[in-house]
Amino acid sequence: MSILSELVDLRLENRVVLITGGTAGIGLATAKLMVDNAATVVTVSRGSAPGVGEALHVAADLGEPGEPQRAVAEAEGRLGSVDVLINNVGLAVARRLEDVTDDDWDRSVRMNLWSAIRATAAALPGMRGRGGGSIVNVASTAGRRPSRSLPDYSVTKAALLAYSRQVAETYVADGIRCNAVIPGPTLTPAWTGPGGLAEQQGDPEAVLTAAAAARPLGRFADPEEIAAAIVFLASDVASHVTGAEWSVSGGAVP
């Protein structure tokens, strides 16, 4: 049981929560916390089921057309609904702006933006029919303050923030809330794993030390710290919060 679960009843019992990129890093931490709060969790990724108490795992490449829609349809078909959608899957590669090819741009847009647009479009009809739902999009500080080493990632995450606000304002009358979480560097395989961002940018230990020092709090986030914000925003406890961009960045951006 998490501290968040002990402090407040998030009223997530029996809510069907679909989490893209739900088998590693922030997505996995979110899945665990949702299970702790009695939610019915659906994880979606290219990998195998995480085995954290999820009710369903859908193997899908969310960067491919039709795959986000298929994941939502399978969850609705098996479990009856998708009440909460967490768009977490993403792709970040360190490179210079002048080195980003058309194929690189295409892959970044498909993973970081189209995956969320397609999953959201698939989930919205059911949410509207039931009179409400909650969507949380996982963006990045790079979407607020572009990173020179992550140019295409920065642009696509900025677009995701705009899309989040668009959904929030368009569907508020349908009882659907949409918010974005803005993490800074987080101790996930995307940063620390083999071939991750730390390794891509030089000596991993030196890169991690420098990136941590650049945060006002002086450290990376733990995935559980980002997951706590996601779960709160997804829950009915945050019933008066929509269209928000919730920074969990160690003070790096407001």
# chains A, B, ... in the order shown; residues from 1 in each chain; ligands from 1
>>> closest_atom_pairs(of="region 70-117 of chain A", to="region 34-53 of chain A", cutoff="12 Å", atoms="only C-alpha atoms", output="JSON lines")
{"residue": "A:Arg70", "atom": "CA", "partner": "A:Val44", "partner_atom": "CA", "distance": 10.5}
{"residue": "A:Ala71", "atom": "CA", "partner": "A:Val44", "partner_atom": "CA", "distance": 7.1}
{"residue": "A:Val72", "atom": "CA", "partner": "A:Val42", "partner_atom": "CA", "distance": 9.3}
{"residue": "A:Ala73", "atom": "CA", "partner": "A:Val42", "partner_atom": "CA", "distance": 11.7}
{"residue": "A:Glu74", "atom": "CA", "partner": "A:Val42", "partner_atom": "CA", "distance": 9.8}
{"residue": "A:Ala75", "atom": "CA", "partner": "A:Val42", "partner_atom": "CA", "distance": 7.0}
{"residue": "A:Glu76", "atom": "CA", "partner": "A:Val42", "partner_atom": "CA", "distance": 10.2}
{"residue": "A:Arg78", "atom": "CA", "partner": "A:Val42", "partner_atom": "CA", "distance": 10.3}
{"residue": "A:Leu79", "atom": "CA", "partner": "A:Thr40", "partner_atom": "CA", "distance": 8.6}
{"residue": "A:Gly80", "atom": "CA", "partner": "A:Thr40", "partner_atom": "CA", "distance": 11.0}
{"residue": "A:Ser81", "atom": "CA", "partner": "A:Thr40", "partner_atom": "CA", "distance": 10.3}
{"residue": "A:Val82", "atom": "CA", "partner": "A:Val42", "partner_atom": "CA", "distance": 9.0}
{"residue": "A:Asp83", "atom": "CA", "partner": "A:Thr40", "partner_atom": "CA", "distance": 9.7}
{"residue": "A:Val84", "atom": "CA", "partner": "A:Val41", "partner_atom": "CA", "distance": 9.5}
{"residue": "A:Leu85", "atom": "CA", "partner": "A:Val42", "partner_atom": "CA", "distance": 9.6}
{"residue": "A:Ile86", "atom": "CA", "partner": "A:Thr43", "partner_atom": "CA", "distance": 9.8}
{"residue": "A:Asn87", "atom": "CA", "partner": "A:Val44", "partner_atom": "CA", "distance": 10.1}
{"residue": "A:Asn88", "atom": "CA", "partner": "A:Val44", "partner_atom": "CA", "distance": 9.8}
{"residue": "A:Val89", "atom": "CA", "partner": "A:Ser45", "partner_atom": "CA", "distance": 8.0}
{"residue": "A:Gly90", "atom": "CA", "partner": "A:Ser45", "partner_atom": "CA", "distance": 10.7}
{"residue": "A:Met111", "atom": "CA", "partner": "A:Ser45", "partner_atom": "CA", "distance": 11.7}
{"residue": "A:Ser115", "atom": "CA", "partner": "A:Val44", "partner_atom": "CA", "distance": 11.5}
>>> write_last_selection(atoms="N, CA, C and O atoms", output="mmCIF file, in the first residue's frame")
data_model
loop_
_atom_site.group_PDB
_atom_site.id
_atom_site.type_symbol
_atom_site.label_atom_id
_atom_site.label_comp_id
_atom_site.auth_asym_id
_atom_site.auth_seq_id
_atom_site.Cartn_x
_atom_site.Cartn_y
_atom_site.Cartn_z
ATOM 1 N N ARG A 70 -6.889 -0.449 -31.383
ATOM 2 C CA ARG A 70 -7.095 -1.870 -31.079
ATOM 3 C C ARG A 70 -6.963 -2.136 -29.584
ATOM 4 O O ARG A 70 -7.738 -2.917 -29.005
ATOM 5 N N ALA A 71 -6.006 -1.494 -28.938
ATOM 6 C CA ALA A 71 -5.818 -1.686 -27.500
ATOM 7 C C ALA A 71 -7.040 -1.216 -26.716
ATOM 8 O O ALA A 71 -7.512 -1.900 -25.795
ATOM 9 N N VAL A 72 -7.566 -0.053 -27.086
ATOM 10 C CA VAL A 72 -8.763 0.462 -26.406
ATOM 11 C C VAL A 72 -9.944 -0.465 -26.666
ATOM 12 O O VAL A 72 -10.710 -0.804 -25.741
ATOM 13 N N ALA A 73 -10.106 -0.900 -27.894
ATOM 14 C CA ALA A 73 -11.228 -1.783 -28.236
ATOM 15 C C ALA A 73 -11.143 -3.104 -27.482
ATOM 16 O O ALA A 73 -12.166 -3.635 -27.022
ATOM 17 N N GLU A 74 -9.943 -3.644 -27.338
ATOM 18 C CA GLU A 74 -9.799 -4.905 -26.601
ATOM 19 C C GLU A 74 -10.133 -4.720 -25.127
ATOM 20 O O GLU A 74 -10.804 -5.565 -24.523
ATOM 21 N N ALA A 75 -9.700 -3.609 -24.552
ATOM 22 C CA ALA A 75 -10.026 -3.335 -23.151
ATOM 23 C C ALA A 75 -11.527 -3.182 -22.960
ATOM 24 O O ALA A 75 -12.113 -3.739 -22.020
ATOM 25 N N GLU A 76 -12.169 -2.431 -23.845
ATOM 26 C CA GLU A 76 -13.616 -2.243 -23.736
ATOM 27 C C GLU A 76 -14.352 -3.561 -23.963
ATOM 28 O O GLU A 76 -15.338 -3.853 -23.274
ATOM 29 N N ARG A 78 -13.257 -6.639 -23.395
ATOM 30 C CA ARG A 78 -13.007 -7.600 -22.329
ATOM 31 C C ARG A 78 -13.522 -7.115 -20.978
ATOM 32 O O ARG A 78 -13.998 -7.908 -20.161
ATOM 33 N N LEU A 79 -13.440 -5.805 -20.727
ATOM 34 C CA LEU A 79 -13.730 -5.271 -19.396
ATOM 35 C C LEU A 79 -14.919 -4.318 -19.368
ATOM 36 O O LEU A 79 -15.314 -3.866 -18.292
ATOM 37 N N GLY A 80 -15.459 -3.988 -20.521
ATOM 38 C CA GLY A 80 -16.693 -3.205 -20.566
ATOM 39 C C GLY A 80 -16.523 -1.717 -20.753
ATOM 40 O O GLY A 80 -17.460 -1.037 -21.178
ATOM 41 N N SER A 81 -15.335 -1.164 -20.435
ATOM 42 C CA SER A 81 -15.157 0.283 -20.526
ATOM 43 C C SER A 81 -13.680 0.618 -20.407
ATOM 44 O O SER A 81 -12.869 -0.214 -20.003
ATOM 45 N N VAL A 82 -13.356 1.852 -20.762
ATOM 46 C CA VAL A 82 -12.097 2.479 -20.362
ATOM 47 C C VAL A 82 -12.494 3.787 -19.694
ATOM 48 O O VAL A 82 -12.934 4.729 -20.348
ATOM 49 N N ASP A 83 -12.400 3.813 -18.385
ATOM 50 C CA ASP A 83 -12.823 4.985 -17.611
ATOM 51 C C ASP A 83 -11.717 6.014 -17.480
ATOM 52 O O ASP A 83 -11.975 7.214 -17.360
ATOM 53 N N VAL A 84 -10.471 5.528 -17.466
ATOM 54 C CA VAL A 84 -9.295 6.393 -17.315
ATOM 55 C C VAL A 84 -8.271 5.981 -18.364
ATOM 56 O O VAL A 84 -7.972 4.793 -18.514
ATOM 57 N N LEU A 85 -7.741 6.961 -19.075
ATOM 58 C CA LEU A 85 -6.707 6.704 -20.074
ATOM 59 C C LEU A 85 -5.448 7.466 -19.693
ATOM 60 O O LEU A 85 -5.490 8.690 -19.504
ATOM 61 N N ILE A 86 -4.334 6.741 -19.562
ATOM 62 C CA ILE A 86 -3.046 7.354 -19.279
ATOM 63 C C ILE A 86 -2.176 7.186 -20.522
ATOM 64 O O ILE A 86 -1.728 6.082 -20.837
ATOM 65 N N ASN A 87 -1.942 8.285 -21.248
ATOM 66 C CA ASN A 87 -1.090 8.249 -22.431
ATOM 67 C C ASN A 87 0.352 8.515 -22.005
ATOM 68 O O ASN A 87 0.776 9.660 -21.833
ATOM 69 N N ASN A 88 1.088 7.434 -21.816
ATOM 70 C CA ASN A 88 2.429 7.526 -21.244
ATOM 71 C C ASN A 88 3.535 7.114 -22.216
ATOM 72 O O ASN A 88 4.676 7.519 -22.048
ATOM 73 N N VAL A 89 3.213 6.299 -23.208
ATOM 74 C CA VAL A 89 4.269 5.796 -24.093
ATOM 75 C C VAL A 89 4.983 6.956 -24.788
ATOM 76 O O VAL A 89 4.380 7.985 -25.098
ATOM 77 N N GLY A 90 6.291 6.805 -24.980
ATOM 78 C CA GLY A 90 7.038 7.864 -25.641
ATOM 79 C C GLY A 90 8.399 7.383 -26.105
ATOM 80 O O GLY A 90 8.839 6.282 -25.764
ATOM 81 N N MET A 111 5.118 8.169 -32.092
ATOM 82 C CA MET A 111 5.205 7.641 -30.728
ATOM 83 C C MET A 111 4.724 8.652 -29.678
ATOM 84 O O MET A 111 4.001 8.296 -28.744
ATOM 85 N N SER A 115 0.242 8.465 -30.944
ATOM 86 C CA SER A 115 -0.208 7.399 -30.038
ATOM 87 C C SER A 115 -1.269 7.921 -29.082
ATOM 88 O O SER A 115 -2.286 7.259 -28.837
#
>>> closest_residue(among="A:Thr156, A:Asn179, A:Ser140, A:Asn112", to="Ala238 (chain A)", atoms="only C-alpha atoms")
A:Asn179
>>> select_by_dssp(residues="region 112-195 of chain A", states="alpha helix (DSSP H)", output="count of residues only")
41
>>> residues_around(residues="Ala198 (chain A)", least_positions_apart="5", cutoff="6 Å", atoms="only C-alpha atoms", output="NGL selection string")
:A and (191 or 204 or 207)
>>> write_last_selection(atoms="N, CA and C atoms", output="PDB file, in the first residue's frame")
ATOM      1  N   TRP A 191      16.415   6.574 -19.320  1.00  0.00           N
ATOM      2  CA  TRP A 191      17.621   7.333 -18.976  1.00  0.00           C
ATOM      3  C   TRP A 191      18.792   6.427 -18.611  1.00  0.00           C
ATOM      4  N   PRO A 204      27.938   7.865 -18.912  1.00  0.00           N
ATOM      5  CA  PRO A 204      26.633   7.866 -18.240  1.00  0.00           C
ATOM      6  C   PRO A 204      26.647   8.500 -16.848  1.00  0.00           C
ATOM      7  N   VAL A 207      26.890  12.269 -17.211  1.00  0.00           N
ATOM      8  CA  VAL A 207      25.651  12.827 -17.762  1.00  0.00           C
ATOM      9  C   VAL A 207      24.568  12.875 -16.690  1.00  0.00           C
TER      10      VAL A 207
END
>>> residues_around(residues="Ala221 (chain A)", least_positions_apart="2", cutoff="7 Å", atoms="only C-alpha atoms", output="VMD selection string")
chain A and resid 185 to 187 219 223 225
>>> select_by_dssp(residues="region 37-205 of chain A", states="strand (DSSP E or B)", output="list in words")
Thr40, Val41, Val42, Thr43, Val44, Ser45, Leu56, His57, Val58, Ala59, Val84, Leu85, Ile86, Asn87, Gly133, Ser134, Ile135, Val136, Asn137, Val138, Ile176, Arg177, Cys178, Asn179, Ala180, Val181, Ile182, Pro183 and Thr186 of chain A
>>> residues_around(residues="Gly132 (chain A)", least_positions_apart="3", cutoff="10 Å", atoms="only C-alpha atoms", output="ChimeraX atom specification")
/A:83-84,124,126-129,171-177
>>> write_last_selection(atoms="N, CA, C and O atoms", output="PDB file, in the first residue's frame")
ATOM      1  N   ASP A  83     -12.400   3.813 -18.385  1.00  0.00           N
ATOM      2  CA  ASP A  83     -12.823   4.985 -17.611  1.00  0.00           C
ATOM      3  C   ASP A  83     -11.717   6.014 -17.480  1.00  0.00           C
ATOM      4  O   ASP A  83     -11.975   7.214 -17.360  1.00  0.00           O
ATOM      5  N   VAL A  84     -10.471   5.528 -17.466  1.00  0.00           N
ATOM      6  CA  VAL A  84      -9.295   6.393 -17.315  1.00  0.00           C
ATOM      7  C   VAL A  84      -8.271   5.981 -18.364  1.00  0.00           C
ATOM      8  O   VAL A  84      -7.972   4.793 -18.514  1.00  0.00           O
ATOM      9  N   LEU A 124     -12.756   8.203 -26.331  1.00  0.00           N
ATOM     10  CA  LEU A 124     -13.732   9.270 -26.107  1.00  0.00           C
ATOM     11  C   LEU A 124     -15.189   8.848 -26.311  1.00  0.00           C
ATOM     12  O   LEU A 124     -16.051   9.231 -25.492  1.00  0.00           O
ATOM     13  N   GLY A 126     -16.784   6.062 -25.767  1.00  0.00           N
ATOM     14  CA  GLY A 126     -17.260   5.349 -24.586  1.00  0.00           C
ATOM     15  C   GLY A 126     -17.377   6.250 -23.377  1.00  0.00           C
ATOM     16  O   GLY A 126     -18.345   6.169 -22.613  1.00  0.00           O
ATOM     17  N   MET A 127     -16.396   7.117 -23.179  1.00  0.00           N
ATOM     18  CA  MET A 127     -16.443   8.052 -22.053  1.00  0.00           C
ATOM     19  C   MET A 127     -17.637   8.982 -22.183  1.00  0.00           C
ATOM     20  O   MET A 127     -18.364   9.235 -21.206  1.00  0.00           O
ATOM     21  N   ARG A 128     -17.877   9.495 -23.374  1.00  0.00           N
ATOM     22  CA  ARG A 128     -19.009  10.397 -23.577  1.00  0.00           C
ATOM     23  C   ARG A 128     -20.334   9.668 -23.341  1.00  0.00           C
ATOM     24  O   ARG A 128     -21.260  10.224 -22.744  1.00  0.00           O
ATOM     25  N   GLY A 129     -20.397   8.427 -23.788  1.00  0.00           N
ATOM     26  CA  GLY A 129     -21.621   7.654 -23.592  1.00  0.00           C
ATOM     27  C   GLY A 129     -21.912   7.373 -22.132  1.00  0.00           C
ATOM     28  O   GLY A 129     -23.089   7.281 -21.740  1.00  0.00           O
ATOM     29  N   TYR A 171     -14.237  18.757 -24.475  1.00  0.00           N
ATOM     30  CA  TYR A 171     -15.107  17.726 -23.907  1.00  0.00           C
ATOM     31  C   TYR A 171     -15.485  17.968 -22.453  1.00  0.00           C
ATOM     32  O   TYR A 171     -16.015  17.074 -21.807  1.00  0.00           O
ATOM     33  N   VAL A 172     -15.260  19.171 -21.953  1.00  0.00           N
ATOM     34  CA  VAL A 172     -15.588  19.445 -20.556  1.00  0.00           C
ATOM     35  C   VAL A 172     -17.090  19.276 -20.301  1.00  0.00           C
ATOM     36  O   VAL A 172     -17.500  18.800 -19.230  1.00  0.00           O
ATOM     37  N   ALA A 173     -17.938  19.633 -21.257  1.00  0.00           N
ATOM     38  CA  ALA A 173     -19.385  19.510 -21.068  1.00  0.00           C
ATOM     39  C   ALA A 173     -19.835  18.058 -21.034  1.00  0.00           C
ATOM     40  O   ALA A 173     -20.952  17.770 -20.583  1.00  0.00           O
ATOM     41  N   ASP A 174     -18.977  17.145 -21.503  1.00  0.00           N
ATOM     42  CA  ASP A 174     -19.291  15.721 -21.468  1.00  0.00           C
ATOM     43  C   ASP A 174     -18.811  15.050 -20.180  1.00  0.00           C
ATOM     44  O   ASP A 174     -18.902  13.833 -20.044  1.00  0.00           O
ATOM     45  N   GLY A 175     -18.287  15.855 -19.255  1.00  0.00           N
ATOM     46  CA  GLY A 175     -17.805  15.295 -17.995  1.00  0.00           C
ATOM     47  C   GLY A 175     -16.438  14.645 -18.111  1.00  0.00           C
ATOM     48  O   GLY A 175     -16.043  13.870 -17.229  1.00  0.00           O
ATOM     49  N   ILE A 176     -15.717  14.952 -19.179  1.00  0.00           N
ATOM     50  CA  ILE A 176     -14.399  14.362 -19.397  1.00  0.00           C
ATOM     51  C   ILE A 176     -13.331  15.382 -19.018  1.00  0.00           C
ATOM     52  O   ILE A 176     -13.332  16.518 -19.499  1.00  0.00           O
ATOM     53  N   ARG A 177     -12.430  14.956 -18.152  1.00  0.00           N
ATOM     54  CA  ARG A 177     -11.308  15.798 -17.753  1.00  0.00           C
ATOM     55  C   ARG A 177     -10.048  15.321 -18.473  1.00  0.00           C
ATOM     56  O   ARG A 177      -9.847  14.126 -18.662  1.00  0.00           O
TER      57      ARG A 177
END
>>> decode(residues="region 22-59 of chain A", atoms="N, CA and C atoms", output="PDB file, in the first residue's frame")
ATOM      1  N   GLY A  22       2.946   0.779 -20.245  1.00  0.00           N
ATOM      2  CA  GLY A  22       2.671   0.458 -18.842  1.00  0.00           C
ATOM      3  C   GLY A  22       3.526  -0.635 -18.245  1.00  0.00           C
ATOM      4  N   THR A  23       4.639  -0.988 -18.880  1.00  0.00           N
ATOM      5  CA  THR A  23       5.428  -2.114 -18.383  1.00  0.00           C
ATOM      6  C   THR A  23       6.830  -1.723 -17.941  1.00  0.00           C
ATOM      7  N   ALA A  24       7.145  -0.426 -17.937  1.00  0.00           N
ATOM      8  CA  ALA A  24       8.469   0.021 -17.494  1.00  0.00           C
ATOM      9  C   ALA A  24       8.375   1.468 -17.034  1.00  0.00           C
ATOM     10  N   GLY A  25       9.325   1.871 -16.217  1.00  0.00           N
ATOM     11  CA  GLY A  25       9.463   3.266 -15.839  1.00  0.00           C
ATOM     12  C   GLY A  25       8.228   3.861 -15.201  1.00  0.00           C
ATOM     13  N   ILE A  26       7.854   5.064 -15.645  1.00  0.00           N
ATOM     14  CA  ILE A  26       6.707   5.779 -15.089  1.00  0.00           C
ATOM     15  C   ILE A  26       5.421   5.000 -15.289  1.00  0.00           C
ATOM     16  N   GLY A  27       5.260   4.384 -16.445  1.00  0.00           N
ATOM     17  CA  GLY A  27       4.046   3.612 -16.703  1.00  0.00           C
ATOM     18  C   GLY A  27       3.881   2.445 -15.760  1.00  0.00           C
ATOM     19  N   LEU A  28       4.967   1.739 -15.488  1.00  0.00           N
ATOM     20  CA  LEU A  28       4.907   0.607 -14.558  1.00  0.00           C
ATOM     21  C   LEU A  28       4.612   1.079 -13.149  1.00  0.00           C
ATOM     22  N   ALA A  29       5.253   2.154 -12.714  1.00  0.00           N
ATOM     23  CA  ALA A  29       4.981   2.695 -11.384  1.00  0.00           C
ATOM     24  C   ALA A  29       3.529   3.127 -11.258  1.00  0.00           C
ATOM     25  N   THR A  30       2.975   3.684 -12.343  1.00  0.00           N
ATOM     26  CA  THR A  30       1.571   4.091 -12.343  1.00  0.00           C
ATOM     27  C   THR A  30       0.655   2.883 -12.259  1.00  0.00           C
ATOM     28  N   ALA A  31       0.988   1.836 -12.999  1.00  0.00           N
ATOM     29  CA  ALA A  31       0.183   0.617 -12.958  1.00  0.00           C
ATOM     30  C   ALA A  31       0.151   0.038 -11.546  1.00  0.00           C
ATOM     31  N   LYS A  32       1.296  -0.013 -10.895  1.00  0.00           N
ATOM     32  CA  LYS A  32       1.364  -0.542  -9.532  1.00  0.00           C
ATOM     33  C   LYS A  32       0.510   0.287  -8.575  1.00  0.00           C
ATOM     34  N   LEU A  33       0.598   1.612  -8.688  1.00  0.00           N
ATOM     35  CA  LEU A  33      -0.160   2.475  -7.784  1.00  0.00           C
ATOM     36  C   LEU A  33      -1.656   2.389  -8.060  1.00  0.00           C
ATOM     37  N   MET A  34      -2.035   2.251  -9.315  1.00  0.00           N
ATOM     38  CA  MET A  34      -3.445   2.065  -9.642  1.00  0.00           C
ATOM     39  C   MET A  34      -3.967   0.751  -9.059  1.00  0.00           C
ATOM     40  N   VAL A  35      -3.187  -0.316  -9.170  1.00  0.00           N
ATOM     41  CA  VAL A  35      -3.579  -1.600  -8.577  1.00  0.00           C
ATOM     42  C   VAL A  35      -3.716  -1.455  -7.068  1.00  0.00           C
ATOM     43  N   ASP A  36      -2.790  -0.732  -6.433  1.00  0.00           N
ATOM     44  CA  ASP A  36      -2.869  -0.493  -4.989  1.00  0.00           C
ATOM     45  C   ASP A  36      -4.178   0.174  -4.597  1.00  0.00           C
ATOM     46  N   ASN A  37      -4.729   0.966  -5.518  1.00  0.00           N
ATOM     47  CA  ASN A  37      -5.970   1.689  -5.248  1.00  0.00           C
ATOM     48  C   ASN A  37      -7.196   0.987  -5.822  1.00  0.00           C
ATOM     49  N   ALA A  38      -7.061  -0.320  -6.073  1.00  0.00           N
ATOM     50  CA  ALA A  38      -8.183  -1.188  -6.456  1.00  0.00           C
ATOM     51  C   ALA A  38      -8.732  -0.893  -7.836  1.00  0.00           C
ATOM     52  N   ALA A  39      -7.960  -0.198  -8.680  1.00  0.00           N
ATOM     53  CA  ALA A  39      -8.391   0.002 -10.061  1.00  0.00           C
ATOM     54  C   ALA A  39      -8.219  -1.285 -10.855  1.00  0.00           C
ATOM     55  N   THR A  40      -8.982  -1.392 -11.922  1.00  0.00           N
ATOM     56  CA  THR A  40      -8.851  -2.494 -12.870  1.00  0.00           C
ATOM     57  C   THR A  40      -7.918  -2.013 -13.978  1.00  0.00           C
ATOM     58  N   VAL A  41      -6.704  -2.529 -13.984  1.00  0.00           N
ATOM     59  CA  VAL A  41      -5.634  -1.953 -14.797  1.00  0.00           C
ATOM     60  C   VAL A  41      -5.414  -2.747 -16.079  1.00  0.00           C
ATOM     61  N   VAL A  42      -5.284  -2.001 -17.175  1.00  0.00           N
ATOM     62  CA  VAL A  42      -4.901  -2.551 -18.478  1.00  0.00           C
ATOM     63  C   VAL A  42      -3.560  -1.939 -18.854  1.00  0.00           C
ATOM     64  N   THR A  43      -2.543  -2.759 -19.049  1.00  0.00           N
ATOM     65  CA  THR A  43      -1.250  -2.266 -19.506  1.00  0.00           C
ATOM     66  C   THR A  43      -1.111  -2.546 -21.000  1.00  0.00           C
ATOM     67  N   VAL A  44      -0.467  -1.612 -21.687  1.00  0.00           N
ATOM     68  CA  VAL A  44      -0.257  -1.756 -23.131  1.00  0.00           C
ATOM     69  C   VAL A  44       1.197  -1.432 -23.434  1.00  0.00           C
ATOM     70  N   SER A  45       1.867  -2.332 -24.137  1.00  0.00           N
ATOM     71  CA  SER A  45       3.235  -2.097 -24.584  1.00  0.00           C
ATOM     72  C   SER A  45       3.604  -3.164 -25.591  1.00  0.00           C
ATOM     73  N   ARG A  46       4.781  -3.025 -26.184  1.00  0.00           N
ATOM     74  CA  ARG A  46       5.263  -4.058 -27.087  1.00  0.00           C
ATOM     75  C   ARG A  46       5.750  -5.288 -26.320  1.00  0.00           C
ATOM     76  N   GLY A  47       6.069  -5.104 -25.025  1.00  0.00           N
ATOM     77  CA  GLY A  47       6.597  -6.199 -24.223  1.00  0.00           C
ATOM     78  C   GLY A  47       5.519  -7.070 -23.615  1.00  0.00           C
ATOM     79  N   SER A  48       5.951  -7.944 -22.721  1.00  0.00           N
ATOM     80  CA  SER A  48       5.036  -8.870 -22.069  1.00  0.00           C
ATOM     81  C   SER A  48       4.386  -8.227 -20.855  1.00  0.00           C
ATOM     82  N   ALA A  49       3.383  -8.901 -20.308  1.00  0.00           N
ATOM     83  CA  ALA A  49       2.646  -8.379 -19.158  1.00  0.00           C
ATOM     84  C   ALA A  49       3.585  -8.166 -17.973  1.00  0.00           C
ATOM     85  N   PRO A  50       3.402  -7.089 -17.213  1.00  0.00           N
ATOM     86  CA  PRO A  50       4.312  -6.803 -16.099  1.00  0.00           C
ATOM     87  C   PRO A  50       4.081  -7.669 -14.871  1.00  0.00           C
ATOM     88  N   GLY A  51       2.889  -8.237 -14.741  1.00  0.00           N
ATOM     89  CA  GLY A  51       2.628  -9.100 -13.599  1.00  0.00           C
ATOM     90  C   GLY A  51       2.543  -8.358 -12.279  1.00  0.00           C
ATOM     91  N   VAL A  52       1.868  -7.214 -12.265  1.00  0.00           N
ATOM     92  CA  VAL A  52       1.726  -6.427 -11.041  1.00  0.00           C
ATOM     93  C   VAL A  52       0.277  -6.391 -10.552  1.00  0.00           C
ATOM     94  N   GLY A  53      -0.524  -7.336 -11.057  1.00  0.00           N
ATOM     95  CA  GLY A  53      -1.928  -7.366 -10.668  1.00  0.00           C
ATOM     96  C   GLY A  53      -2.843  -6.761 -11.701  1.00  0.00           C
ATOM     97  N   GLU A  54      -2.322  -6.513 -12.902  1.00  0.00           N
ATOM     98  CA  GLU A  54      -3.158  -5.966 -13.973  1.00  0.00           C
ATOM     99  C   GLU A  54      -4.231  -6.977 -14.376  1.00  0.00           C
ATOM    100  N   ALA A  55      -5.389  -6.460 -14.786  1.00  0.00           N
ATOM    101  CA  ALA A  55      -6.480  -7.334 -15.225  1.00  0.00           C
ATOM    102  C   ALA A  55      -6.288  -7.802 -16.655  1.00  0.00           C
ATOM    103  N   LEU A  56      -5.547  -7.018 -17.451  1.00  0.00           N
ATOM    104  CA  LEU A  56      -5.381  -7.322 -18.868  1.00  0.00           C
ATOM    105  C   LEU A  56      -4.114  -6.655 -19.361  1.00  0.00           C
ATOM    106  N   HIS A  57      -3.391  -7.371 -20.222  1.00  0.00           N
ATOM    107  CA  HIS A  57      -2.263  -6.771 -20.924  1.00  0.00           C
ATOM    108  C   HIS A  57      -2.495  -6.924 -22.410  1.00  0.00           C
ATOM    109  N   VAL A  58      -2.284  -5.845 -23.151  1.00  0.00           N
ATOM    110  CA  VAL A  58      -2.416  -5.863 -24.604  1.00  0.00           C
ATOM    111  C   VAL A  58      -1.042  -5.573 -25.204  1.00  0.00           C
ATOM    112  N   ALA A  59      -0.532  -6.502 -25.987  1.00  0.00           N
ATOM    113  CA  ALA A  59       0.732  -6.290 -26.683  1.00  0.00           C
ATOM    114  C   ALA A  59       0.458  -5.513 -27.962  1.00  0.00           C
TER     115      ALA A  59
END
